[in-house]
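Okay, start-v1.csv is below, CSV, C-alpha atoms and all ligand atoms:
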chain,number,residue,atom,x,y,z
A,1,MET,CA,-4.2,16.3,-7.5
A,2,GLY,CA,-6.1,17.8,-10.4
A,3,ARG,CA,-3.3,17.4,-13.0
A,4,GLU,CA,-4.2,15.4,-16.1
A,5,LEU,CA,-1.7,12.9,-17.1
A,6,THR,CA,-0.4,12.6,-20.6
A,7,ALA,CA,0.0,9.1,-21.9
A,8,ALA,CA,3.7,9.2,-21.2
A,9,THR,CA,3.5,10.5,-17.6
A,10,PRO,CA,3.3,7.8,-14.9
A,11,LEU,CA,1.3,8.6,-11.8
A,12,VAL,CA,4.3,7.8,-9.7
A,13,ARG,CA,7.9,7.9,-10.9
A,14,ILE,CA,10.6,6.8,-8.4
A,15,GLU,CA,14.1,7.4,-9.6
A,16,GLU,CA,17.3,6.0,-8.1
A,17,LEU,CA,15.8,6.1,-4.6
A,18,SER,CA,18.1,5.2,-1.8
A,19,HIS,CA,17.4,5.4,1.9
A,20,SER,CA,19.5,4.6,5.0
A,21,PHE,CA,18.7,4.6,8.7
A,22,GLY,CA,22.0,5.5,10.2
A,23,ARG,CA,24.5,3.0,8.7
A,24,LEU,CA,21.7,0.6,7.6
A,25,ARG,CA,21.1,1.0,3.8
A,26,VAL,CA,17.5,0.0,3.4
A,27,LEU,CA,16.8,1.0,-0.2
A,28,SER,CA,19.4,1.1,-2.9
A,29,LYS,CA,19.0,3.1,-6.1
A,30,LEU,CA,15.4,1.8,-6.6
A,31,SER,CA,13.6,3.0,-9.7
A,32,LEU,CA,9.9,2.2,-10.4
A,33,GLN,CA,7.1,3.7,-12.3
A,34,ILE,CA,3.4,3.2,-11.6
A,35,ASP,CA,0.8,4.2,-14.2
A,36,GLU,CA,-2.6,5.5,-13.3
A,37,GLY,CA,-5.1,2.6,-13.0
A,38,GLU,CA,-2.6,0.0,-12.0
A,39,LEU,CA,-2.9,-2.3,-9.0
A,40,VAL,CA,0.7,-3.2,-8.1
A,41,GLY,CA,1.4,-5.9,-5.5
A,42,VAL,CA,4.7,-5.7,-3.6
A,43,ILE,CA,6.2,-8.8,-2.2
A,44,GLY,CA,9.5,-9.4,-0.5
A,45,PRO,CA,11.0,-10.9,2.7
A,46,ASN,CA,10.8,-9.2,6.1
A,47,GLY,CA,13.1,-6.2,6.3
A,48,ALA,CA,13.4,-5.9,2.5
A,49,GLY,CA,12.4,-2.2,2.6
A,50,LYS,CA,8.8,-2.4,1.5
A,51,SER,CA,7.3,-0.2,4.2
A,52,THR,CA,10.1,2.2,3.8
A,53,LEU,CA,9.3,2.5,0.1
A,54,LEU,CA,5.7,3.4,1.0
A,55,SER,CA,6.9,5.9,3.6
A,56,LEU,CA,9.0,7.6,0.9
A,57,ILE,CA,6.0,7.8,-1.4
A,58,SER,CA,3.6,9.1,1.3
A,59,GLY,CA,6.2,11.5,2.6
A,60,SER,CA,6.8,10.4,6.2
A,61,LEU,CA,10.4,9.8,5.2
A,62,VAL,CA,12.6,11.9,2.9
A,63,PRO,CA,15.1,9.8,0.9
A,64,THR,CA,18.8,10.0,1.4
A,65,ILE,CA,19.2,10.2,-2.4
A,66,GLY,CA,16.8,10.0,-5.4
A,67,SER,CA,13.4,11.4,-6.2
A,68,VAL,CA,9.7,10.8,-6.1
A,69,SER,CA,7.3,12.4,-8.6
A,70,LEU,CA,3.6,12.4,-8.6
A,71,ALA,CA,1.8,13.1,-11.9
A,72,GLY,CA,5.0,14.6,-13.3
A,73,GLU,CA,5.7,16.9,-10.3
A,74,ASP,CA,8.7,16.3,-8.1
A,75,ILE,CA,7.4,15.8,-4.6
A,76,THR,CA,10.6,14.5,-3.0
A,77,ARG,CA,10.7,17.4,-0.5
A,78,ARG,CA,6.9,17.8,-0.1
A,79,PRO,CA,5.7,17.0,3.4
A,80,ALA,CA,3.3,14.2,4.1
A,81,HIS,CA,0.3,16.5,4.7
A,82,TRP,CA,0.8,18.1,1.3
A,83,ARG,CA,0.9,14.7,-0.3
A,84,ALA,CA,-2.2,13.6,1.5
A,85,ARG,CA,-4.0,16.7,0.3
A,86,HIS,CA,-2.9,15.9,-3.2
A,87,GLY,CA,-4.3,12.4,-3.4
A,88,VAL,CA,-1.7,10.1,-1.7
A,89,ALA,CA,-3.1,8.0,1.2
A,90,LEU,CA,-1.4,5.3,3.2
A,91,SER,CA,-3.0,2.5,5.2
A,92,HIS,CA,-0.3,1.7,7.8
A,93,GLN,CA,1.1,-1.8,8.5
A,94,VAL,CA,0.4,-1.4,12.2
A,95,PRO,CA,-3.1,0.3,12.5
A,96,ARG,CA,-2.8,3.7,14.2
A,97,PRO,CA,-6.2,4.8,15.3
A,98,PHE,CA,-6.8,7.6,17.7
A,99,GLY,CA,-7.9,5.1,20.4
A,100,GLY,CA,-9.8,7.7,22.5
A,101,MET,CA,-12.0,8.7,19.6
A,102,SER,CA,-14.9,6.9,18.0
A,103,VAL,CA,-14.6,5.2,14.7
A,104,LEU,CA,-16.5,8.0,13.0
A,105,GLU,CA,-14.4,10.7,14.6
A,106,ASN,CA,-11.2,8.9,13.4
A,107,VAL,CA,-12.5,8.9,9.8
A,108,LEU,CA,-13.7,12.5,10.1
A,109,VAL,CA,-10.2,13.6,11.0
A,110,SER,CA,-8.9,12.2,7.7
A,111,ALA,CA,-11.8,13.6,5.7
A,112,SER,CA,-11.0,17.0,7.2
A,113,LEU,CA,-7.2,17.1,7.4
A,114,ALA,CA,-6.2,14.9,4.5
A,115,GLY,CA,-9.4,15.3,2.4
A,116,GLY,CA,-9.7,19.1,2.9
A,117,ARG,CA,-13.5,18.9,3.5
A,118,ARG,CA,-15.5,20.7,6.1
A,119,GLY,CA,-18.9,20.3,7.8
A,120,ARG,CA,-21.5,18.3,5.9
A,121,ALA,CA,-19.0,17.4,3.1
A,122,ALA,CA,-16.6,15.9,5.6
A,123,ALA,CA,-19.3,14.0,7.4
A,124,ASP,CA,-20.6,12.6,4.1
A,125,ALA,CA,-17.1,11.5,3.0
A,126,ALA,CA,-16.5,9.9,6.4
A,127,MET,CA,-19.8,8.0,6.2
A,128,THR,CA,-19.2,6.8,2.7
A,129,ALA,CA,-15.8,5.5,3.7
A,130,LEU,CA,-17.3,3.7,6.6
A,131,GLU,CA,-19.9,2.1,4.4
A,132,ARG,CA,-17.4,1.0,1.8
A,133,THR,CA,-15.4,-0.7,4.6
A,134,HIS,CA,-18.4,-2.3,6.3
A,135,LEU,CA,-17.8,-0.2,9.4
A,136,ALA,CA,-20.9,2.0,9.4
A,137,GLY,CA,-22.5,-0.1,12.1
A,138,ARG,CA,-19.6,0.6,14.4
A,139,ALA,CA,-19.4,4.4,13.8
A,140,ASN,CA,-20.0,5.3,17.4
A,141,GLU,CA,-17.8,2.7,19.0
A,142,SER,CA,-14.4,3.5,20.5
A,143,ALA,CA,-11.7,2.9,18.0
A,144,GLY,CA,-9.5,1.6,20.8
A,145,ALA,CA,-11.8,-1.3,21.4
A,146,LEU,CA,-11.9,-2.7,17.9
A,147,ARG,CA,-10.7,-6.2,16.9
A,148,LEU,CA,-8.0,-6.6,14.3
A,149,LEU,CA,-10.3,-7.0,11.2
A,150,ASP,CA,-12.1,-3.8,12.2
A,151,LEU,CA,-8.8,-2.0,12.9
A,152,LYS,CA,-7.7,-2.9,9.4
A,153,ARG,CA,-11.1,-1.7,8.0
A,154,LEU,CA,-10.7,1.5,9.9
A,155,GLU,CA,-7.2,2.1,8.6
A,156,VAL,CA,-8.5,1.7,5.0
A,157,ALA,CA,-11.6,3.9,5.8
A,158,ARG,CA,-9.3,6.7,7.0
A,159,ALA,CA,-7.3,6.4,3.8
A,160,LEU,CA,-10.5,6.4,1.6
A,161,ALA,CA,-12.0,9.4,3.5
A,162,ALA,CA,-9.5,11.6,1.7
A,163,ASP,CA,-10.7,10.3,-1.7
A,164,PRO,CA,-7.2,9.3,-2.8
A,165,ARG,CA,-5.9,9.1,-6.3
A,166,LEU,CA,-3.1,6.8,-5.1
A,167,LEU,CA,-3.8,4.3,-2.2
A,168,LEU,CA,-0.9,2.7,-0.5
A,169,LEU,CA,-1.8,-0.5,1.4
A,170,ASP,CA,0.7,-1.9,3.8
A,171,GLU,CA,-0.3,-5.5,4.8
A,172,ILE,CA,-4.0,-5.0,5.3
A,173,ALA,CA,-4.5,-8.7,5.1
A,174,GLY,CA,-1.7,-9.5,7.6
A,175,GLY,CA,-2.9,-11.3,10.7
A,176,LEU,CA,-6.4,-12.0,9.3
A,177,THR,CA,-8.0,-15.4,9.1
A,178,GLU,CA,-8.7,-17.1,5.7
A,179,ALA,CA,-12.4,-16.5,6.3
A,180,GLU,CA,-11.8,-12.7,6.7
A,181,LEU,CA,-9.7,-12.4,3.6
A,182,PRO,CA,-12.4,-12.4,0.9
A,183,GLU,CA,-13.9,-9.2,2.3
A,184,ILE,CA,-10.6,-7.4,2.2
A,185,ILE,CA,-9.8,-8.6,-1.3
A,186,ASP,CA,-13.3,-7.5,-2.5
A,187,LEU,CA,-12.7,-4.1,-0.9
A,188,VAL,CA,-9.5,-3.6,-2.7
A,189,ARG,CA,-11.0,-4.8,-6.0
A,190,GLU,CA,-13.9,-2.3,-5.6
A,191,VAL,CA,-11.7,0.6,-4.7
A,192,HIS,CA,-9.5,-0.1,-7.7
A,193,ALA,CA,-12.5,-0.6,-10.0
A,194,ALA,CA,-13.8,2.9,-8.9
A,195,GLY,CA,-10.6,4.4,-10.4
A,196,THR,CA,-8.0,4.5,-7.6
A,197,THR,CA,-4.4,3.4,-8.4
A,198,ILE,CA,-3.2,1.0,-5.7
A,199,VAL,CA,0.1,-0.2,-4.4
A,200,TRP,CA,-0.4,-3.1,-2.0
A,201,ILE,CA,2.3,-4.7,0.1
A,202,GLU,CA,1.4,-8.1,1.3
A,203,HIS,CA,2.9,-11.4,2.5
A,204,VAL,CA,-0.4,-13.2,1.8
A,205,VAL,CA,0.5,-13.7,-1.8
A,206,HIS,CA,-2.8,-15.4,-2.9
A,207,ALA,CA,-4.7,-12.3,-1.7
A,208,LEU,CA,-2.4,-10.2,-3.9
A,209,THR,CA,-2.6,-12.4,-7.0
A,210,ALA,CA,-6.4,-12.3,-6.7
A,211,VAL,CA,-6.4,-8.7,-7.7
A,212,ALA,CA,-3.0,-7.4,-8.8
A,213,THR,CA,-2.4,-6.5,-12.4
A,214,ARG,CA,1.4,-6.4,-11.7
A,215,LEU,CA,3.7,-7.7,-9.1
A,216,VAL,CA,7.1,-6.5,-8.0
A,217,CYS,CA,9.5,-8.2,-5.6
A,218,LEU,CA,11.9,-6.3,-3.3
A,219,THR,CA,14.8,-7.9,-1.6
A,220,TYR,CA,17.5,-6.1,0.4
A,221,GLY,CA,16.2,-2.8,-0.9
A,222,GLU,CA,16.5,-3.7,-4.6
A,223,LEU,CA,13.8,-4.7,-7.1
A,224,ILE,CA,14.6,-8.2,-8.3
A,225,ALA,CA,11.5,-8.8,-10.4
A,226,ASP,CA,8.7,-6.7,-12.0
A,227,GLY,CA,6.0,-8.1,-14.2
A,228,THR,CA,2.7,-10.0,-14.3
A,229,PRO,CA,2.0,-12.0,-11.1
A,230,ASP,CA,2.6,-15.3,-13.0
A,231,GLU,CA,5.9,-14.0,-14.4
A,232,VAL,CA,7.2,-12.7,-11.0
A,233,LEU,CA,6.2,-15.8,-9.1
A,234,ALA,CA,7.9,-18.0,-11.6
A,235,ASN,CA,11.1,-15.9,-11.6
A,236,PRO,CA,14.0,-18.0,-10.4
A,237,ALA,CA,15.4,-15.2,-8.3
A,238,VAL,CA,12.1,-14.6,-6.6
A,239,ARG,CA,11.7,-18.3,-6.0
A,240,SER,CA,15.0,-18.8,-4.4
A,241,VAL,CA,15.3,-15.6,-2.4
A,242,TYR,CA,11.7,-15.0,-1.4
A,243,LEU,CA,9.8,-18.2,-1.8
A,244,GLY,CA,12.7,-20.4,-0.6
A,245,LEU,CA,12.0,-22.8,-3.4
A,246,ASP,CA,14.4,-24.5,-5.8
A,247,PRO,CA,15.2,-22.1,-8.6
A,248,GLU,CA,15.9,-25.0,-10.9
A,249,VAL,CA,12.2,-26.1,-10.9
A,250,GLU,CA,10.6,-24.1,-13.7
A,251,THR,CA,6.9,-24.4,-12.9
A,252,PRO,CA,5.3,-21.6,-10.9
A,253,PRO,CA,4.7,-22.3,-7.2
A,254,ASP,CA,1.4,-24.0,-6.6
A,255,ASP,CA,-1.3,-22.7,-4.2
A,256,ASP,CA,0.1,-24.7,-1.3
A,257,ALA,CA,3.4,-23.0,-1.7
A,258,ARG,CA,1.8,-19.6,-2.0
A,259,GLU,CA,-0.3,-20.2,1.1
A,260,GLY,CA,2.9,-21.2,3.0
A,261,LEU,CA,3.9,-17.5,2.6
A,262,HIS,CA,1.4,-16.2,5.2
A,263,ALA,CA,3.4,-14.0,7.6
A,301,LIG,N1,12.7,4.1,11.7
A,301,LIG,C1,13.6,3.1,11.5
A,301,LIG,N2,14.8,3.3,12.1
A,301,LIG,C2,15.8,2.3,12.0
A,301,LIG,N3,15.7,1.2,11.2
A,301,LIG,C3,14.5,1.1,10.6
A,301,LIG,C4,13.4,2.0,10.7
A,301,LIG,N4,12.4,1.6,10.0
A,301,LIG,C5,12.8,0.4,9.4
A,301,LIG,N5,14.0,0.1,9.8
A,301,LIG,C6,14.8,-1.1,9.3
A,301,LIG,O1,14.9,-1.0,7.9
A,301,LIG,C7,14.7,-2.3,7.3
A,301,LIG,C8,13.6,-2.3,6.3
A,301,LIG,O2,12.4,-2.1,7.1
A,301,LIG,P1,11.0,-2.1,6.4
A,301,LIG,O3,10.0,-1.8,7.5
A,301,LIG,O4,10.9,-1.1,5.3
A,301,LIG,O5,10.9,-3.6,5.9
A,301,LIG,P2,9.6,-4.4,5.3
A,301,LIG,O6,10.1,-4.9,3.9
A,301,LIG,O7,8.4,-3.5,5.3
A,301,LIG,O8,9.5,-5.6,6.3
A,301,LIG,P3,8.2,-6.4,6.9
A,301,LIG,O9,7.8,-7.3,5.8
A,301,LIG,O10,8.8,-7.1,8.1
A,301,LIG,O11,7.2,-5.4,7.2
A,301,LIG,C9,14.6,-3.2,8.5
A,301,LIG,O12,15.9,-3.8,8.8
A,301,LIG,C10,14.1,-2.4,9.6
A,301,LIG,O13,14.5,-2.9,10.9
A,302,MG,MG,6.7,-3.6,6.3
Could you show the structure in this file as structure tokens?
Amino acid sequence: MGRELTAATPLVRIEELSHSFGRLRVLSKLSLQIDEGELVGVIGPNGAGKSTLLSLISGSLVPTIGSVSLAGEDITRRPAHWRARHGVALSHQVPRPFGGMSVLENVLVSASLAGGRRGRAAADAAMTALERTHLAGRANESAGALRLLDLKRLEVARALAADPRLLLLDEIAGGLTEAELPEIIDLVREVHAAGTTIVWIEHVVHALTAVATRLVCLTYGELIADGTPDEVLANPAVRSVYLGLDPEVETPPDDDAREGLHA
């Protein structure tokens, strides 16, 4: 969105956000601020509410209680398509391509609907997104036939085609091999360096710590830690609840322990 931020206005302000599915309370009075330019990694065990949090920011879910603001504007009741048009893009945990369309057509849909572009401008935005995600060579292939790495690239390409101000990444490294990870990490680094604020949920913690400026840990719908990656990974509550490590040991987990976190 075109709004300029003053120094005191975060890009995202989440206040006392709670969400339930029926009787299941998934998020509980969660408050969080994200400043423009940050790359925030989100960790937490399965079922902690991480994807739900991104759905509440992107607008596919409306919170039971609480508010979400974007650049100072309350968007809690704004629908997902409005948020997409105003700079919020989500790369889904489970890729959701239009399987019957080509890779390029999939990205064109985002450039048009979410990005608000038409004709040549939409085509240029789509091709740029495909090039950034190393998918240009597959532009005319059927999206339904892609392997996992390419599906993840396509999910990110669709998000980038709308030229987001805020990019929400839900486990884009999940399921990839170690050999495939550097490309994804470099992609996130490049998108961030180009000026996009990023929130990245990931179980592959060493991928997150390679690029994140800040880490938060969510457990049972509550934030239990928020700080630099080293601070959060050394936090006793994080170590005991999420890492399954002895909270009495004060040193941060070593790389072996972090790599043991692959989902
Ligand atoms: N649409 C839904 N209807 C009912 N329950 C849901 C729905 N979506 C999620 N849940 C439940 O809400 C809880 C939080 O789910 P969420 O997907 O936010 O967790 P997560 O932290 O992203 O987990 P994971 O690491 O496994 O992706 C889980 O218990 C999940 O089963
Ligand atoms: Mg999830």
Mind dumping a table of every chain A residue within 7 Å of ligand MG 302 (chain A), with the nearest atom pair and its distance in Å to one decimal, using only C-alpha atoms and all ligand atoms, sorted by chain and rising number, as a Markdown table?
| residue | atom | partner | partner_atom | distance |
| --- | --- | --- | --- | --- |
| A:Asn46 | CA | A:MG302 | MG | 6.9 |
| A:Gly47 | CA | A:MG302 | MG | 6.9 |
| A:Gly49 | CA | A:MG302 | MG | 6.9 |
| A:Lys50 | CA | A:MG302 | MG | 5.4 |
| A:Ser51 | CA | A:MG302 | MG | 4.0 |
| A:Gln93 | CA | A:MG302 | MG | 6.3 |
| A:Asp170 | CA | A:MG302 | MG | 6.7 |
Could you take the residues named above and write them with C-alpha atoms, as a PDB file, keeping the file's coordinate frame?
ATOM      1  CA  ASN A  46      10.800  -9.200   6.100  1.00  0.00           C
ATOM      2  CA  GLY A  47      13.100  -6.200   6.300  1.00  0.00           C
ATOM      3  CA  GLY A  49      12.400  -2.200   2.600  1.00  0.00           C
ATOM      4  CA  LYS A  50       8.800  -2.400   1.500  1.00  0.00           C
ATOM      5  CA  SER A  51       7.300  -0.200   4.200  1.00  0.00           C
ATOM      6  CA  GLN A  93       1.100  -1.800   8.500  1.00  0.00           C
ATOM      7  CA  ASP A 170       0.700  -1.900   3.800  1.00  0.00           C
TER       8      ASP A 170
END
- Skipping near chain neighbours, those fewer than 4 positions away, what residues fall within 8 Å of Pro45 in chain A using all atoms listed in the file, listed as a list in words?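 Contacts, with the query itself left out: Leu218, Thr219 and Tyr242 of chain A.
Between CA of Ile34 in chain A and CA of Thr197 in chain A the separation is 8.4 Å.
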- Task: Take the point (-7.0, -3.1, 2.6) as written in the file and pick out every residue within 7 Å of it, counting all atoms listed in the file; give the list as number ranges by chain.
- Result: A: 152-153, 156, 169, 172-173, 184, 187-188
Would you list the contacts of Leu148 in chain A as an mmCIF file with C-alpha atoms, in the coordinates of the input, taking every protein, DNA or RNA residue within 12 Å and counting all atoms listed in the file, but skipping same-chain residues closer than 3 positions in sequence?
data_model
loop_
_atom_site.group_PDB
_atom_site.id
_atom_site.type_symbol
_atom_site.label_atom_id
_atom_site.label_comp_id
_atom_site.auth_asym_id
_atom_site.auth_seq_id
_atom_site.Cartn_x
_atom_site.Cartn_y
_atom_site.Cartn_z
ATOM 1 C CA GLN A 93 1.100 -1.800 8.500
ATOM 2 C CA VAL A 94 0.400 -1.400 12.200
ATOM 3 C CA PRO A 95 -3.100 0.300 12.500
ATOM 4 C CA ARG A 96 -2.800 3.700 14.200
ATOM 5 C CA PRO A 97 -6.200 4.800 15.300
ATOM 6 C CA ALA A 143 -11.700 2.900 18.000
ATOM 7 C CA GLY A 144 -9.500 1.600 20.800
ATOM 8 C CA ALA A 145 -11.800 -1.300 21.400
ATOM 9 C CA LEU A 151 -8.800 -2.000 12.900
ATOM 10 C CA LYS A 152 -7.700 -2.900 9.400
ATOM 11 C CA ARG A 153 -11.100 -1.700 8.000
ATOM 12 C CA LEU A 154 -10.700 1.500 9.900
ATOM 13 C CA GLU A 155 -7.200 2.100 8.600
ATOM 14 C CA ILE A 172 -4.000 -5.000 5.300
ATOM 15 C CA ALA A 173 -4.500 -8.700 5.100
ATOM 16 C CA GLY A 174 -1.700 -9.500 7.600
ATOM 17 C CA GLY A 175 -2.900 -11.300 10.700
ATOM 18 C CA LEU A 176 -6.400 -12.000 9.300
ATOM 19 C CA THR A 177 -8.000 -15.400 9.100
ATOM 20 C CA GLU A 180 -11.800 -12.700 6.700
#
List every residue of chain A that has an atom at most 12 Å from any atom of ligand LIG 301 (chain A), and for each one report the closest atom pair and its distance in Å to one decimal, counting only C-alpha atoms and all ligand atoms, with rows sorted by chain and then by increasing residue number, as a tab-separated table.
residue	atom	partner	partner_atom	distance
A:Ser18	CA	A:LIG301	O4	11.9
A:His19	CA	A:LIG301	O1	9.1
A:Ser20	CA	A:LIG301	O1	7.8
A:Phe21	CA	A:LIG301	C2	5.0
A:Gly22	CA	A:LIG301	C2	7.2
A:Arg23	CA	A:LIG301	N3	9.3
A:Leu24	CA	A:LIG301	O1	7.0
A:Arg25	CA	A:LIG301	O1	7.7
A:Val26	CA	A:LIG301	O1	5.3
A:Leu27	CA	A:LIG301	C8	8.0
A:Ser28	CA	A:LIG301	C8	11.4
A:Val42	CA	A:LIG301	O6	9.3
A:Ile43	CA	A:LIG301	O6	8.2
A:Gly44	CA	A:LIG301	O6	6.3
A:Pro45	CA	A:LIG301	O9	5.7
A:Asn46	CA	A:LIG301	O10	3.5
A:Gly47	CA	A:LIG301	O5	3.4
A:Ala48	CA	A:LIG301	O6	3.7
A:Gly49	CA	A:LIG301	O4	3.3
A:Lys50	CA	A:LIG301	O6	3.7
A:Ser51	CA	A:LIG301	O7	3.6
A:Thr52	CA	A:LIG301	O4	3.7
A:Leu53	CA	A:LIG301	O4	6.5
A:Leu54	CA	A:LIG301	O4	8.1
A:Ser55	CA	A:LIG301	O4	8.2
A:Leu56	CA	A:LIG301	O4	9.9
A:Ser60	CA	A:LIG301	N1	10.2
A:Leu61	CA	A:LIG301	N1	8.9
A:Val62	CA	A:LIG301	N1	11.8
A:His92	CA	A:LIG301	O11	10.3
A:Gln93	CA	A:LIG301	O11	7.2
A:Val94	CA	A:LIG301	O11	9.3
A:Leu169	CA	A:LIG301	O7	11.3
A:Asp170	CA	A:LIG301	O7	8.0
A:Glu171	CA	A:LIG301	O11	7.9
A:Ile172	CA	A:LIG301	O11	11.4
A:Gly174	CA	A:LIG301	O11	9.8
A:Trp200	CA	A:LIG301	O7	11.4
A:Ile201	CA	A:LIG301	O7	8.1
A:Glu202	CA	A:LIG301	O9	7.9
A:His203	CA	A:LIG301	O9	7.2
A:Val204	CA	A:LIG301	O9	10.9
A:Cys217	CA	A:LIG301	O6	10.1
A:Leu218	CA	A:LIG301	O6	7.6
A:Thr219	CA	A:LIG301	O6	7.8
A:Tyr220	CA	A:LIG301	C8	8.0
A:Gly221	CA	A:LIG301	C8	7.7
A:Glu222	CA	A:LIG301	O6	10.7
A:Leu223	CA	A:LIG301	O6	11.6
A:Tyr242	CA	A:LIG301	O9	11.2
A:Leu261	CA	A:LIG301	O9	11.4
A:His262	CA	A:LIG301	O9	11.0
A:Ala263	CA	A:LIG301	O9	8.2
- Task: Could you give me, as a VMD selection string, the residues within 12 Å of Gly116 in chain A, counting only C-alpha atoms and dropping anything in the same chain fewer than 4 positions from it?
- Result: chain A and resid 81 to 87 108 to 112 121 to 123 125 to 126 161 to 164
- Query: Mind pulling up the distance from CA of Leu30 in chain A to CA of Asp74 in chain A?
  - Reply: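 According to the coordinates, CA of Asp74 in chain A and CA of Leu30 in chain A are separated by 16.0 Å.
If you look at CA of Val107 in chain A and CA of Glu190 in chain A, they are 19.1 Å away from each other.
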- Message: When you count only C-alpha atoms, which of these residues is closest to Ile57 in chain A: A:Leu32, A:Val103, A:Ala207, A:Ala225?
- Response: A:Leu32
- Item | Among listed residues A:Ala159, A:Ala71, A:Ala114, A:Leu233, nearest Ala129 in chain A (using all atoms listed in the file) |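 Once distances to Ala129 in chain A are computed over all atoms listed in the file, the minimum belongs to A:Ala159.
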